[in-house]
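Undergrad: Next comes the structure file target-v2.cif, holding mmCIF, C-alpha atoms.
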data_query
#
loop_
_atom_site.label_atom_id
_atom_site.label_comp_id
_atom_site.auth_asym_id
_atom_site.auth_seq_id
_atom_site.Cartn_x
_atom_site.Cartn_y
_atom_site.Cartn_z
CA MET A 1 -1.64 18.48 12.46
CA SER A 2 -4.90 18.14 10.60
CA ARG A 3 -6.19 16.66 7.37
CA ASN A 4 -5.58 19.87 5.41
CA ASP A 5 -1.91 19.92 6.41
CA VAL A 6 -1.16 16.41 5.17
CA LEU A 7 -3.65 15.56 2.45
CA VAL A 8 -4.45 17.29 -0.85
CA THR A 9 -7.21 16.51 -3.32
CA ALA A 10 -6.60 15.41 -6.90
CA ASP A 11 -8.17 18.71 -8.01
CA TRP A 12 -5.70 20.70 -5.94
CA ALA A 13 -2.81 18.61 -7.27
CA GLN A 14 -3.88 19.13 -10.89
CA GLU A 15 -4.18 22.89 -10.37
CA ASN A 16 -0.77 23.05 -8.71
CA LEU A 17 1.35 20.97 -11.08
CA GLY A 18 4.43 23.03 -11.87
CA THR A 19 4.08 25.37 -8.88
CA PRO A 20 7.56 26.34 -7.64
CA GLY A 21 8.40 24.89 -4.23
CA LEU A 22 6.24 21.81 -4.80
CA VAL A 23 7.79 18.52 -5.88
CA PHE A 24 5.42 15.76 -6.96
CA VAL A 25 6.82 12.30 -6.29
CA GLU A 26 5.34 9.01 -7.48
CA VAL A 27 6.09 5.91 -5.39
CA ASP A 28 4.75 2.59 -6.61
CA GLU A 29 4.76 -1.08 -5.95
CA ASP A 30 4.61 -1.64 -9.69
CA THR A 31 7.54 0.64 -10.51
CA SER A 32 6.82 0.45 -14.23
CA ALA A 33 3.58 2.40 -13.70
CA TYR A 34 5.46 5.71 -13.65
CA ASP A 35 7.08 5.02 -17.00
CA GLY A 36 3.69 4.41 -18.62
CA GLY A 37 2.56 7.91 -17.62
CA HIS A 38 2.88 10.10 -14.53
CA LEU A 39 1.72 13.45 -13.22
CA GLU A 40 3.38 16.18 -15.25
CA GLY A 41 6.71 17.11 -13.68
CA ALA A 42 6.62 14.31 -11.08
CA VAL A 43 9.79 12.39 -10.23
CA LYS A 44 9.86 8.68 -9.40
CA LEU A 45 11.03 6.88 -6.30
CA ASP A 46 11.40 3.14 -6.58
CA TRP A 47 10.40 1.93 -3.13
CA LYS A 48 12.66 -1.09 -3.42
CA LYS A 49 15.72 0.16 -5.32
CA ASP A 50 15.82 3.67 -3.88
CA LEU A 51 14.48 3.28 -0.36
CA GLN A 52 15.93 -0.09 0.74
CA ASP A 53 19.53 -0.91 1.58
CA PRO A 54 20.87 -2.96 -1.35
CA LEU A 55 22.40 -5.61 0.92
CA ARG A 56 20.73 -5.79 4.35
CA ARG A 57 17.02 -5.67 5.10
CA ASP A 58 16.83 -2.07 6.24
CA PHE A 59 16.36 1.49 5.02
CA VAL A 60 19.03 3.42 3.20
CA ASP A 61 21.01 5.31 5.84
CA LYS A 62 20.99 9.06 6.37
CA ALA A 63 23.80 9.68 3.86
CA GLY A 64 22.01 7.47 1.33
CA PHE A 65 18.74 9.37 1.80
CA GLU A 66 20.58 12.68 1.37
CA ALA A 67 22.19 11.46 -1.85
CA LEU A 68 18.87 10.14 -3.15
CA LEU A 69 16.90 13.34 -2.55
CA SER A 70 19.76 15.51 -3.83
CA SER A 71 19.83 13.52 -7.06
CA ARG A 72 16.05 13.89 -7.48
CA GLY A 73 16.34 17.65 -7.09
CA ILE A 74 14.42 17.85 -3.82
CA SER A 75 15.40 20.61 -1.34
CA ASN A 76 14.82 20.70 2.39
CA ASP A 77 12.35 23.56 2.02
CA ASP A 78 10.35 21.98 -0.83
CA THR A 79 6.89 20.65 -0.12
CA VAL A 80 6.90 17.02 -1.23
CA VAL A 81 3.56 15.82 -2.63
CA LEU A 82 3.45 12.01 -2.74
CA TYR A 83 1.13 9.73 -4.67
CA GLY A 84 1.17 6.16 -5.96
CA GLY A 85 -0.73 3.05 -6.89
CA ASN A 86 -2.21 0.38 -4.62
CA ASN A 87 -4.39 2.90 -2.82
CA ASN A 88 -1.29 4.91 -1.85
CA TRP A 89 0.34 2.07 0.14
CA PHE A 90 3.86 2.88 -0.95
CA ALA A 91 3.24 6.61 -1.08
CA ALA A 92 2.19 6.38 2.60
CA TYR A 93 5.31 4.31 3.25
CA ALA A 94 7.41 7.05 1.62
CA TYR A 95 5.52 9.69 3.65
CA TRP A 96 6.45 7.89 6.87
CA TYR A 97 10.02 7.49 5.59
CA PHE A 98 10.35 11.22 4.77
CA LYS A 99 9.06 12.02 8.27
CA LEU A 100 11.54 9.56 9.77
CA TYR A 101 14.38 11.55 8.17
CA GLY A 102 12.85 14.85 9.26
CA HIS A 103 11.41 16.32 6.06
CA GLU A 104 9.07 19.05 7.20
CA ASN A 105 6.46 19.52 4.50
CA VAL A 106 5.07 16.31 3.07
CA LYS A 107 1.58 15.67 1.71
CA LEU A 108 -0.29 12.79 0.12
CA ILE A 109 -2.66 13.12 -2.83
CA ASP A 110 -5.95 11.65 -1.60
CA GLY A 111 -6.73 8.56 -3.69
CA GLY A 112 -3.30 8.54 -5.32
CA ARG A 113 -2.83 7.17 -8.79
CA LYS A 114 -6.04 5.15 -8.69
CA LYS A 115 -8.38 8.11 -8.23
CA TRP A 116 -6.34 10.06 -10.78
CA GLU A 117 -6.85 7.29 -13.36
CA LEU A 118 -10.51 6.69 -12.50
CA ASP A 119 -11.10 10.42 -13.04
CA SER A 120 -9.30 10.12 -16.42
CA ARG A 121 -6.95 12.96 -15.49
CA PRO A 122 -3.94 13.66 -17.75
CA LEU A 123 -0.69 11.69 -17.48
CA SER A 124 2.62 12.59 -19.08
CA LYS A 125 5.38 10.38 -20.48
CA GLU A 126 7.96 13.15 -20.63
CA THR A 127 11.26 12.59 -18.89
CA VAL A 128 11.53 14.79 -15.82
CA GLU A 129 14.88 16.39 -14.98
CA ARG A 130 15.37 18.56 -11.92
CA PRO A 131 18.68 20.24 -11.03
CA ALA A 132 20.52 18.43 -8.21
CA THR A 133 20.35 19.85 -4.68
CA GLN A 134 22.34 19.52 -1.46
CA TYR A 135 19.76 17.76 0.71
CA LYS A 136 20.43 17.42 4.45
CA ALA A 137 18.51 14.76 6.38
CA SER A 138 17.97 14.59 10.14
CA ASP A 139 18.89 11.58 12.23
CA PRO A 140 16.12 8.98 12.00
CA ASP A 141 13.20 9.71 14.30
CA LEU A 142 12.82 6.36 16.03
CA SER A 143 9.72 7.54 17.90
CA ILE A 144 7.74 6.47 14.81
CA ARG A 145 9.54 3.19 14.02
CA ALA A 146 9.12 -0.03 16.02
CA PHE A 147 11.54 -2.96 16.08
CA ARG A 148 10.86 -6.62 16.85
CA ASP A 149 11.88 -6.65 20.53
CA GLU A 150 9.50 -3.80 21.25
CA VAL A 151 6.69 -5.66 19.49
CA VAL A 152 7.25 -8.80 21.57
CA ALA A 153 7.40 -6.67 24.74
CA SER A 154 4.15 -4.95 23.75
CA ILE A 155 2.03 -8.10 23.69
CA GLY A 156 -0.87 -7.55 26.05
CA SER A 157 0.11 -3.97 26.87
CA LYS A 158 0.10 -1.68 23.80
CA ASN A 159 -2.41 -1.41 20.98
CA LEU A 160 -1.06 -3.83 18.42
CA ILE A 161 -2.88 -3.25 15.14
CA ASP A 162 -2.58 -5.88 12.44
CA VAL A 163 -3.76 -4.11 9.29
CA ARG A 164 -3.61 -7.11 6.94
CA SER A 165 -6.71 -8.75 5.48
CA PRO A 166 -8.70 -11.10 7.76
CA ASP A 167 -7.41 -14.12 5.81
CA GLU A 168 -3.80 -13.11 6.42
CA PHE A 169 -4.56 -12.37 10.08
CA SER A 170 -6.01 -15.87 10.51
CA GLY A 171 -3.10 -17.48 8.64
CA LYS A 172 -5.31 -18.75 5.79
CA ILE A 173 -3.08 -16.92 3.31
CA LEU A 174 0.45 -15.56 3.83
CA ALA A 175 0.52 -12.57 1.52
CA PRO A 176 -1.92 -10.25 -0.23
CA ALA A 177 -3.61 -12.38 -2.88
CA HIS A 178 -1.96 -10.71 -5.86
CA LEU A 179 1.26 -12.53 -4.85
CA PRO A 180 2.12 -16.24 -4.96
CA GLN A 181 1.56 -17.91 -1.58
CA GLU A 182 5.06 -19.29 -1.06
CA MET A 183 6.62 -17.92 2.09
CA ALA A 184 8.94 -19.33 4.71
CA GLN A 185 7.28 -17.69 7.68
CA LYS A 186 4.49 -19.15 9.80
CA GLY A 187 0.92 -17.92 9.31
CA GLY A 188 -1.01 -16.10 12.02
CA HIS A 189 -0.64 -12.89 14.02
CA VAL A 190 1.00 -11.39 17.11
CA PRO A 191 -0.99 -12.42 20.20
CA THR A 192 -3.39 -9.69 21.43
CA ALA A 193 -3.18 -7.83 18.09
CA LYS A 194 -6.46 -6.48 16.76
CA ASN A 195 -7.24 -6.98 13.09
CA ILE A 196 -8.26 -3.60 11.69
CA PRO A 197 -7.55 -3.93 7.95
CA TRP A 198 -6.06 -0.83 6.29
CA SER A 199 -8.85 -1.10 3.71
CA LYS A 200 -11.48 -0.13 6.26
CA ALA A 201 -9.88 3.32 6.33
CA ALA A 202 -10.23 3.85 2.58
CA ASN A 203 -13.03 4.28 0.06
CA GLU A 204 -13.10 2.17 -3.08
CA ASP A 205 -11.51 4.91 -5.16
CA GLY A 206 -8.52 4.91 -2.80
CA THR A 207 -9.39 8.14 -0.95
CA PHE A 208 -9.39 8.18 2.84
CA LYS A 209 -12.68 8.06 4.71
CA THR A 210 -13.73 11.20 6.60
CA ASP A 211 -12.21 12.01 9.99
CA GLU A 212 -15.56 11.18 11.62
CA GLN A 213 -15.75 7.79 9.90
CA LEU A 214 -12.14 7.03 10.82
CA ALA A 215 -12.58 8.00 14.47
CA ALA A 216 -15.70 5.79 14.66
CA LEU A 217 -13.86 2.87 13.01
CA TYR A 218 -11.06 2.69 15.59
CA ASP A 219 -13.47 3.36 18.47
CA GLU A 220 -15.67 0.46 17.41
CA GLN A 221 -12.67 -1.84 17.14
CA GLY A 222 -11.64 -1.14 20.71
CA TYR A 223 -8.64 1.13 20.08
CA ASP A 224 -7.44 2.28 23.50
CA ASP A 225 -6.43 5.96 23.43
CA SER A 226 -4.58 5.62 26.72
CA LYS A 227 -2.05 3.22 25.22
CA ALA A 228 0.83 3.55 22.79
CA THR A 229 0.30 1.86 19.42
CA ILE A 230 2.27 -0.26 16.98
CA ALA A 231 0.88 -1.02 13.52
CA TYR A 232 2.19 -3.80 11.32
CA CYS A 233 1.30 -5.70 8.13
CA ARG A 234 3.48 -7.98 5.98
CA ILE A 235 6.36 -5.69 4.97
CA GLY A 236 5.35 -2.35 6.46
CA GLU A 237 3.67 -0.52 3.61
CA ARG A 238 -0.01 -1.10 4.43
CA SER A 239 0.77 -0.33 8.08
CA SER A 240 2.26 2.99 6.91
CA HIS A 241 -1.19 3.72 5.48
CA THR A 242 -2.73 3.06 8.91
CA TRP A 243 0.10 4.94 10.67
CA PHE A 244 -0.80 7.92 8.46
CA VAL A 245 -4.46 7.64 9.44
CA LEU A 246 -3.83 7.29 13.16
CA ARG A 247 -1.06 9.85 13.62
CA GLU A 248 -1.49 12.35 10.81
CA LEU A 249 -5.26 12.39 10.24
CA LEU A 250 -6.58 11.50 13.71
CA GLY A 251 -3.65 13.03 15.63
CA LYS A 252 -3.17 10.10 17.99
CA PRO A 253 0.02 10.32 20.03
CA ASP A 254 2.77 7.68 20.12
CA VAL A 255 2.03 5.58 17.04
CA LYS A 256 4.83 3.52 15.52
CA ASN A 257 5.07 1.52 12.33
CA TYR A 258 6.74 -1.88 12.64
CA ASP A 259 8.20 -2.18 9.14
CA GLY A 260 9.79 -5.56 9.90
CA SER A 261 6.16 -6.71 10.06
CA TRP A 262 4.98 -10.26 9.49
CA VAL A 263 7.84 -11.25 7.18
CA GLU A 264 10.16 -10.72 10.15
CA TYR A 265 7.89 -11.64 13.05
CA GLY A 266 6.57 -14.82 11.42
CA SER A 267 10.16 -16.00 10.91
CA LEU A 268 11.45 -15.38 14.46
CA VAL A 269 12.37 -18.47 16.45
CA GLY A 270 10.50 -18.85 19.72
CA VAL A 271 8.11 -15.87 19.64
CA PRO A 272 4.45 -16.47 20.42
CA ILE A 273 1.96 -16.62 17.52
CA GLU A 274 -1.81 -16.80 17.55
CA LYS A 275 -3.94 -18.14 14.75
CA MET B 1 9.46 -8.60 -3.05
CA CYS B 2 6.01 -7.14 -3.23
CA GLY B 3 5.83 -6.15 -6.89
CA ALA B 4 2.64 -7.42 -8.43
CA PRO B 5 3.60 -9.82 -11.20
CA LYS B 6 2.64 -8.81 -14.71
CA GLN B 7 -1.05 -9.66 -15.15
CA GLY B 8 -2.14 -12.49 -17.44
CA GLY B 9 0.26 -14.37 -19.64
CA SER B 10 1.98 -17.68 -19.04
CA LEU B 11 1.33 -19.93 -16.06
CA ALA B 12 4.91 -21.27 -16.31
CA GLY B 13 6.58 -21.49 -12.92
CA ILE B 14 3.29 -21.51 -11.00
CA ASP B 15 2.69 -24.73 -9.07
CA LEU B 16 -1.01 -25.46 -9.67
CA THR B 17 -0.92 -28.44 -7.28
CA THR B 18 -0.47 -26.02 -4.34
CA GLN B 19 -1.58 -22.56 -5.56
CA THR B 20 -5.18 -21.47 -5.89
CA VAL B 21 -5.04 -19.21 -8.92
CA ILE B 22 -8.02 -17.03 -9.77
CA GLN B 23 -7.66 -15.37 -13.14
CA GLY B 24 -9.67 -13.97 -15.99
CA SER B 25 -10.43 -10.76 -17.76
CA VAL B 26 -12.64 -7.70 -17.50
CA TRP B 27 -14.99 -6.98 -20.41
CA HIS B 28 -17.15 -4.03 -21.38
CA ASP B 29 -19.15 -3.52 -24.55
CA GLY B 30 -17.67 -6.56 -26.29
CA ALA B 31 -14.02 -5.71 -25.62
CA PRO B 32 -11.48 -6.34 -22.85
CA VAL B 33 -10.82 -3.40 -20.51
CA ALA B 34 -7.16 -2.51 -19.96
CA GLY B 35 -6.19 -0.61 -16.82
CA ALA B 36 -9.29 -1.61 -14.84
CA TYR B 37 -8.92 -2.03 -11.07
CA VAL B 38 -9.96 -5.49 -9.90
CA ARG B 39 -10.24 -6.30 -6.22
CA LEU B 40 -10.64 -9.67 -4.58
CA LEU B 41 -13.04 -9.67 -1.62
CA ASP B 42 -13.29 -12.51 0.91
CA SER B 43 -16.50 -14.20 2.07
CA THR B 44 -17.13 -11.31 4.51
CA ASP B 45 -16.74 -8.76 1.69
CA GLU B 46 -13.39 -7.58 3.04
CA PHE B 47 -10.57 -6.46 0.74
CA THR B 48 -7.92 -9.11 0.11
CA ALA B 49 -6.00 -7.78 -2.88
CA GLU B 50 -6.25 -5.50 -5.89
CA VAL B 51 -4.55 -5.50 -9.29
CA VAL B 52 -4.76 -3.47 -12.48
CA THR B 53 -5.64 -5.36 -15.66
CA SER B 54 -3.08 -5.82 -18.44
CA ALA B 55 -3.36 -4.42 -21.97
CA GLU B 56 -5.47 -7.52 -22.74
CA GLY B 57 -7.77 -6.86 -19.77
CA GLU B 58 -6.38 -9.77 -17.73
CA PHE B 59 -6.00 -10.16 -13.96
CA ARG B 60 -4.62 -12.90 -11.68
CA PHE B 61 -4.79 -13.62 -7.95
CA PHE B 62 -3.19 -16.23 -5.70
CA ALA B 63 -5.84 -17.04 -3.11
CA ALA B 64 -6.99 -20.05 -1.12
CA PRO B 65 -9.89 -22.47 -1.66
CA GLY B 66 -13.26 -20.93 -0.79
CA ASP B 67 -15.83 -18.33 -1.84
CA TRP B 68 -14.62 -15.06 -3.30
CA LYS B 69 -16.02 -11.98 -4.97
CA LEU B 70 -14.31 -10.00 -7.72
CA ARG B 71 -15.21 -6.35 -8.13
CA SER B 72 -13.95 -4.23 -10.97
CA LEU B 73 -13.76 -0.46 -11.05
CA ALA B 74 -12.88 1.44 -14.22
CA PRO B 75 -13.69 4.82 -15.75
CA VAL B 76 -16.38 3.02 -17.85
CA GLY B 77 -18.16 1.60 -14.78
CA ARG B 78 -18.14 -1.28 -12.32
CA GLY B 79 -18.86 -5.01 -12.36
CA GLU B 80 -18.98 -7.91 -9.92
CA GLN B 81 -18.53 -11.65 -10.15
CA MET B 82 -18.75 -14.34 -7.44
CA LEU B 83 -16.85 -17.59 -7.59
CA THR B 84 -15.91 -20.63 -5.56
CA ALA B 85 -12.25 -21.49 -5.98
CA ASP B 86 -10.37 -24.77 -5.54
CA VAL B 87 -6.66 -25.51 -5.59
CA GLY B 88 -5.48 -25.14 -9.19
CA LEU B 89 -6.66 -22.81 -11.93
CA ASN B 90 -9.99 -20.99 -11.54
CA GLU B 91 -11.00 -18.83 -14.50
CA THR B 92 -13.77 -16.27 -14.73
CA THR B 93 -14.87 -13.09 -16.48
CA VAL B 94 -16.00 -9.84 -14.90
CA ALA B 95 -18.47 -7.92 -17.06
CA ILE B 96 -18.93 -4.17 -16.70
CA ASP B 97 -22.42 -3.28 -17.92
#
For this file, produce the structure as C-alpha cells.
TA:
Amino acid sequence: MSRNDVLVTADWAQENLGTPGLVFVEVDEDTSAYDGGHLEGAVKLDWKKDLQDPLRRDFVDKAGFEALLSSRGISNDDTVVLYGGNNNWFAAYAYWYFKLYGHENVKLIDGGRKKWELDSRPLSKETVERPATQYKASDPDLSIRAFRDEVVASIGSKNLIDVRSPDEFSGKILAPAHLPQEMAQKGGHVPTAKNIPWSKAANEDGTFKTDEQLAALYDEQGYDDSKATIAYCRIGERSSHTWFVLRELLGKPDVKNYDGSWVEYGSLVGVPIEK
Amino acid sequence: MCGAPKQGGSLAGIDLTTQTVIQGSVWHDGAPVAGAYVRLLDSTDEFTAEVVTSAEGEFRFFAAPGDWKLRSLAPVGRGEQMLTADVGLNETTVAID
C-alpha cells in the first residue's frame, strides 16, 4: 500500500469524473453541503443516517451495508473515490468503514471538498441516479476496529493516540469548538495516550502532508513502531483521518480506530482518566 | 450529533451564562464573504475547529475563555484576527485584504 494507491489529487479527480468503474461518493458532516453542489456524478452518503444503526450506537450491519451500497449503485468491483468537507474527516471515516466491510478499491481525494472549493472547481446540482446493484459485503474486519475493553487493557502498553485538539485532550473543552459545549462525559484523556492532533497531519487546504513530513511527525511525538496502535477522538471520525495516515499512507502494521472514542470512554463508570 | 449548526442567525437556545461564543463575519472588499473557511486556533496556534461561513459571511464557535486566533481561507485570500474571549458573547470581524 502506498500513497498512490489510496489518494488521488483534485486534478486527477476532475479529469476522471464520469469514468466507468469509478464511483465518486461525497460524505459530509454538514449533509446539506452535497445538495448545494457536488462533484458531477457523485452520490451522497449521510454519515449519520446511512452509516449508523438507527437505534443502537453502532454501525449498520453487513446486510444494511449491502442494501445501502446496492441502492447507491455501487458494485464490488467499482473503485470508490471518497471526498467530503471538514478536511475529509467523514470521508476518511467512510474509507475506514468501506475497508471494514472488505471493499477492495477505495481512494480519497486529497484535500476533499475544501481544496475543491478553494480551487474554485466546478460543482453540479444535478440529481444523480445510478442503477441499483447487488452488493456483497465481507464480514467486518475487526483487526482495524477497537472496542472499549481493549482500550482500557492497552493503557501503558500500546500506542494510544488521542487525535483531538490540545484543549480537548486537557479537558478544557469537550467537543470541537464548532459545537456547543454541553456533554455528559468527563473531560480529559485515556492515561498514557499521546496527543497528536489529526490537524498536524494536514495542510491548511485540507491535503495531507508529505510522507516524509508525516513520518517525522510521529517519530518526533514518540510513536513506538514496535507496538500496536489505537487511535481515538470524540466520535471516531478524526481518528479515522489519523488511522488513514498511519496505516494507509505510512503503512504501519496493526492500527485500529476506536470509534466509541471519548463520547464512550468519558462516560464509562470506573475507568481511569487523566487530565 | 456532530453536524455543525447553521452559521450565524439567532442565539436562541444558547446559554450565554455558560457558553463562550465567538462569532462574527468575514469581509473582503466591503462585502461579506460566503463560503469562506474559518478556523479557530488555540494559544499555541493549534487547530481547534473550522466552519464555513453562511450566505451572510457569518461564523460561530463555542470555545472557552482565553486567547484565540481566527484564520480565514477563501478563494479571494486569507485573513487573521486575534481575540480574548470571556464567557458569553464575543463578536469580531475577520478581514481578508
Undergrad: Run the PyMOL selection byres ((chain B) within 9 of (chain A)) on the file and write out the hits as JSON, numbers by chain.
TA: {"B": [1, 2, 3, 4, 5, 6, 14, 18, 19, 20, 21, 35, 36, 37, 40, 42, 46, 47, 48, 49, 50, 51, 60, 61, 62, 63, 64, 73, 74, 75, 76]}
Undergrad: The PyMOL selection byres ((chain B and resi 85) around 6) - which residues does that actually catch in the file I just gave you? List them as an MDAnalysis selection string.
TA: chainID B and resid 65:66 84 86
Undergrad: Pick out the residues sitting within 10 Å of Glu56 in chain B, and hand them over as a short mmCIF file (atom, residue, chain, number, x, y, z; two decimals) with C-alpha atoms, in the coordinates of the input; count all atoms listed in the file, and ignore anything fewer than 2 positions along from it in its own chain.
TA:
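Dumped everything to selection_7.cif:
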data_model
loop_
_atom_site.label_atom_id
_atom_site.label_comp_id
_atom_site.auth_asym_id
_atom_site.auth_seq_id
_atom_site.Cartn_x
_atom_site.Cartn_y
_atom_site.Cartn_z
CA GLN B 7 -1.05 -9.66 -15.15
CA GLY B 8 -2.14 -12.49 -17.44
CA GLY B 9 0.26 -14.37 -19.64
CA SER B 25 -10.43 -10.76 -17.76
CA VAL B 26 -12.64 -7.70 -17.50
CA TRP B 27 -14.99 -6.98 -20.41
CA ALA B 31 -14.02 -5.71 -25.62
CA PRO B 32 -11.48 -6.34 -22.85
CA VAL B 33 -10.82 -3.40 -20.51
CA ALA B 34 -7.16 -2.51 -19.96
CA GLY B 35 -6.19 -0.61 -16.82
CA THR B 53 -5.64 -5.36 -15.66
CA SER B 54 -3.08 -5.82 -18.44
CA GLU B 58 -6.38 -9.77 -17.73
CA PHE B 59 -6.00 -10.16 -13.96
#
Undergrad: To one decimal place, how far is CA of His103 in chain A from CA of Gly41 in chain A in Å?
TA: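 Between CA of His103 in chain A and CA of Gly41 in chain A the gap works out to 20.3 Å.
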Undergrad: Could you tell me how far CA of Arg57 in chain A lies from CA of Phe147 in chain A, in Å and to one decimal?
TA: 12.6 Å
Undergrad: Mind checking which residues fall within 9 Å of range 220-230 of chain A, counting all atoms listed in the file, ignoring those fewer than 2 positions away in the same chain, and posting them as a PyMOL selection string?
TA: chain A and resi 144-146+151+154+157-162+194-196+215-218+232+243+252-258
Undergrad: Could you take the residues named above and write them with C-alpha atoms, as a short mmCIF file (atom, residue, chain, number, x, y, z; two decimals), in the frame of the given file?
TA:
data_model
loop_
_atom_site.label_atom_id
_atom_site.label_comp_id
_atom_site.auth_asym_id
_atom_site.auth_seq_id
_atom_site.Cartn_x
_atom_site.Cartn_y
_atom_site.Cartn_z
CA ILE A 144 7.74 6.47 14.81
CA ARG A 145 9.54 3.19 14.02
CA ALA A 146 9.12 -0.03 16.02
CA VAL A 151 6.69 -5.66 19.49
CA SER A 154 4.15 -4.95 23.75
CA SER A 157 0.11 -3.97 26.87
CA LYS A 158 0.10 -1.68 23.80
CA ASN A 159 -2.41 -1.41 20.98
CA LEU A 160 -1.06 -3.83 18.42
CA ILE A 161 -2.88 -3.25 15.14
CA ASP A 162 -2.58 -5.88 12.44
CA LYS A 194 -6.46 -6.48 16.76
CA ASN A 195 -7.24 -6.98 13.09
CA ILE A 196 -8.26 -3.60 11.69
CA ALA A 215 -12.58 8.00 14.47
CA ALA A 216 -15.70 5.79 14.66
CA LEU A 217 -13.86 2.87 13.01
CA TYR A 218 -11.06 2.69 15.59
CA TYR A 232 2.19 -3.80 11.32
CA TRP A 243 0.10 4.94 10.67
CA LYS A 252 -3.17 10.10 17.99
CA PRO A 253 0.02 10.32 20.03
CA ASP A 254 2.77 7.68 20.12
CA VAL A 255 2.03 5.58 17.04
CA LYS A 256 4.83 3.52 15.52
CA ASN A 257 5.07 1.52 12.33
CA TYR A 258 6.74 -1.88 12.64
#
Undergrad: Measure the distance from CA of Gly236 in chain A to CA of Lys136 in chain A in Å and round it to one decimal.
TA: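 It comes out at 24.9 Å.
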Undergrad: Of the residues B:Asp15, B:Gly24, B:Gly30, B:Trp68, which is the one nearest to Thr44 in chain B, using only C-alpha atoms?
TA: B:Trp68
Undergrad: Hey, could you pull the box centre and edge lengths for range 57-74 of chain B, axis-aligned, 6 Å padding per side, all listed atoms, to one decimal in Å, as AutoDock Vina command-line options?
TA:
--center_x -9.6 --center_y -10.5 --center_z -10.3 --size_x 24.8 --size_y 35.9 --size_z 31.0
Undergrad: How would you write, as a compact mmCIF listing (two decimals) with C-alpha atoms, in the frame of the given file, the residues chosen by the PyMOL selection byres ((chain A and resi 21) around 9) on this structure?
TA:
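Heads up, here's the output in selection.txt:
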# COMPACT_ATOMS: atom_id res chain seq x y z
CA GLY A 18 4.43 23.03 -11.87
CA THR A 19 4.08 25.37 -8.88
CA PRO A 20 7.56 26.34 -7.64
CA LEU A 22 6.24 21.81 -4.80
CA VAL A 23 7.79 18.52 -5.88
CA SER A 75 15.40 20.61 -1.34
CA ASP A 77 12.35 23.56 2.02
CA ASP A 78 10.35 21.98 -0.83
CA THR A 79 6.89 20.65 -0.12
CA VAL A 80 6.90 17.02 -1.23
Undergrad: Taking only C-alpha atoms into account, name the residue in A:Cys233, A:Leu250, A:Val60, A:Ile109 that is nearest to Gly266 in chain A.
TA: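 Of the candidates, the smallest distance to Gly266 in chain A is held by A:Cys233.
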Undergrad: Kindly reconstruct range 135-148 of chain A with N, CA and C atoms and present the result as a PDB file, keeping the file's coordinate frame.
TA:
ATOM      1  N   TYR A 135      20.744  18.086  -0.323  1.00  0.00           N
ATOM      2  CA  TYR A 135      19.760  17.760   0.710  1.00  0.00           C
ATOM      3  C   TYR A 135      20.432  17.332   2.005  1.00  0.00           C
ATOM      4  N   LYS A 136      19.920  17.818   3.124  1.00  0.00           N
ATOM      5  CA  LYS A 136      20.430  17.420   4.450  1.00  0.00           C
ATOM      6  C   LYS A 136      19.310  16.743   5.233  1.00  0.00           C
ATOM      7  N   ALA A 137      19.517  15.487   5.596  1.00  0.00           N
ATOM      8  CA  ALA A 137      18.510  14.760   6.380  1.00  0.00           C
ATOM      9  C   ALA A 137      18.814  14.873   7.876  1.00  0.00           C
ATOM     10  N   SER A 138      17.781  14.677   8.693  1.00  0.00           N
ATOM     11  CA  SER A 138      17.970  14.590  10.140  1.00  0.00           C
ATOM     12  C   SER A 138      18.279  13.154  10.519  1.00  0.00           C
ATOM     13  N   ASP A 139      18.742  12.954  11.747  1.00  0.00           N
ATOM     14  CA  ASP A 139      18.890  11.580  12.230  1.00  0.00           C
ATOM     15  C   ASP A 139      17.516  10.932  12.278  1.00  0.00           C
ATOM     16  N   PRO A 140      17.448   9.618  12.037  1.00  0.00           N
ATOM     17  CA  PRO A 140      16.120   8.980  12.000  1.00  0.00           C
ATOM     18  C   PRO A 140      15.341   9.165  13.301  1.00  0.00           C
ATOM     19  N   ASP A 141      14.076   9.510  13.150  1.00  0.00           N
ATOM     20  CA  ASP A 141      13.200   9.710  14.300  1.00  0.00           C
ATOM     21  C   ASP A 141      12.603   8.351  14.700  1.00  0.00           C
ATOM     22  N   LEU A 142      13.244   7.727  15.676  1.00  0.00           N
ATOM     23  CA  LEU A 142      12.820   6.360  16.030  1.00  0.00           C
ATOM     24  C   LEU A 142      11.569   6.340  16.906  1.00  0.00           C
ATOM     25  N   SER A 143      10.978   7.535  17.155  1.00  0.00           N
ATOM     26  CA  SER A 143       9.720   7.540  17.900  1.00  0.00           C
ATOM     27  C   SER A 143       8.562   7.094  17.014  1.00  0.00           C
ATOM     28  N   ILE A 144       8.822   6.932  15.684  1.00  0.00           N
ATOM     29  CA  ILE A 144       7.740   6.470  14.810  1.00  0.00           C
ATOM     30  C   ILE A 144       8.054   5.111  14.169  1.00  0.00           C
ATOM     31  N   ARG A 145       9.163   4.485  14.598  1.00  0.00           N
ATOM     32  CA  ARG A 145       9.540   3.190  14.020  1.00  0.00           C
ATOM     33  C   ARG A 145       9.719   2.156  15.125  1.00  0.00           C
ATOM     34  N   ALA A 146       9.017   1.033  15.011  1.00  0.00           N
ATOM     35  CA  ALA A 146       9.120  -0.030  16.020  1.00  0.00           C
ATOM     36  C   ALA A 146       9.987  -1.169  15.492  1.00  0.00           C
ATOM     37  N   PHE A 147      10.721  -1.797  16.415  1.00  0.00           N
ATOM     38  CA  PHE A 147      11.540  -2.960  16.080  1.00  0.00           C
ATOM     39  C   PHE A 147      10.977  -4.195  16.794  1.00  0.00           C
ATOM     40  N   ARG A 148      11.479  -5.359  16.415  1.00  0.00           N
ATOM     41  CA  ARG A 148      10.860  -6.620  16.850  1.00  0.00           C
ATOM     42  C   ARG A 148      10.793  -6.788  18.371  1.00  0.00           C
TER      43      ARG A 148
END
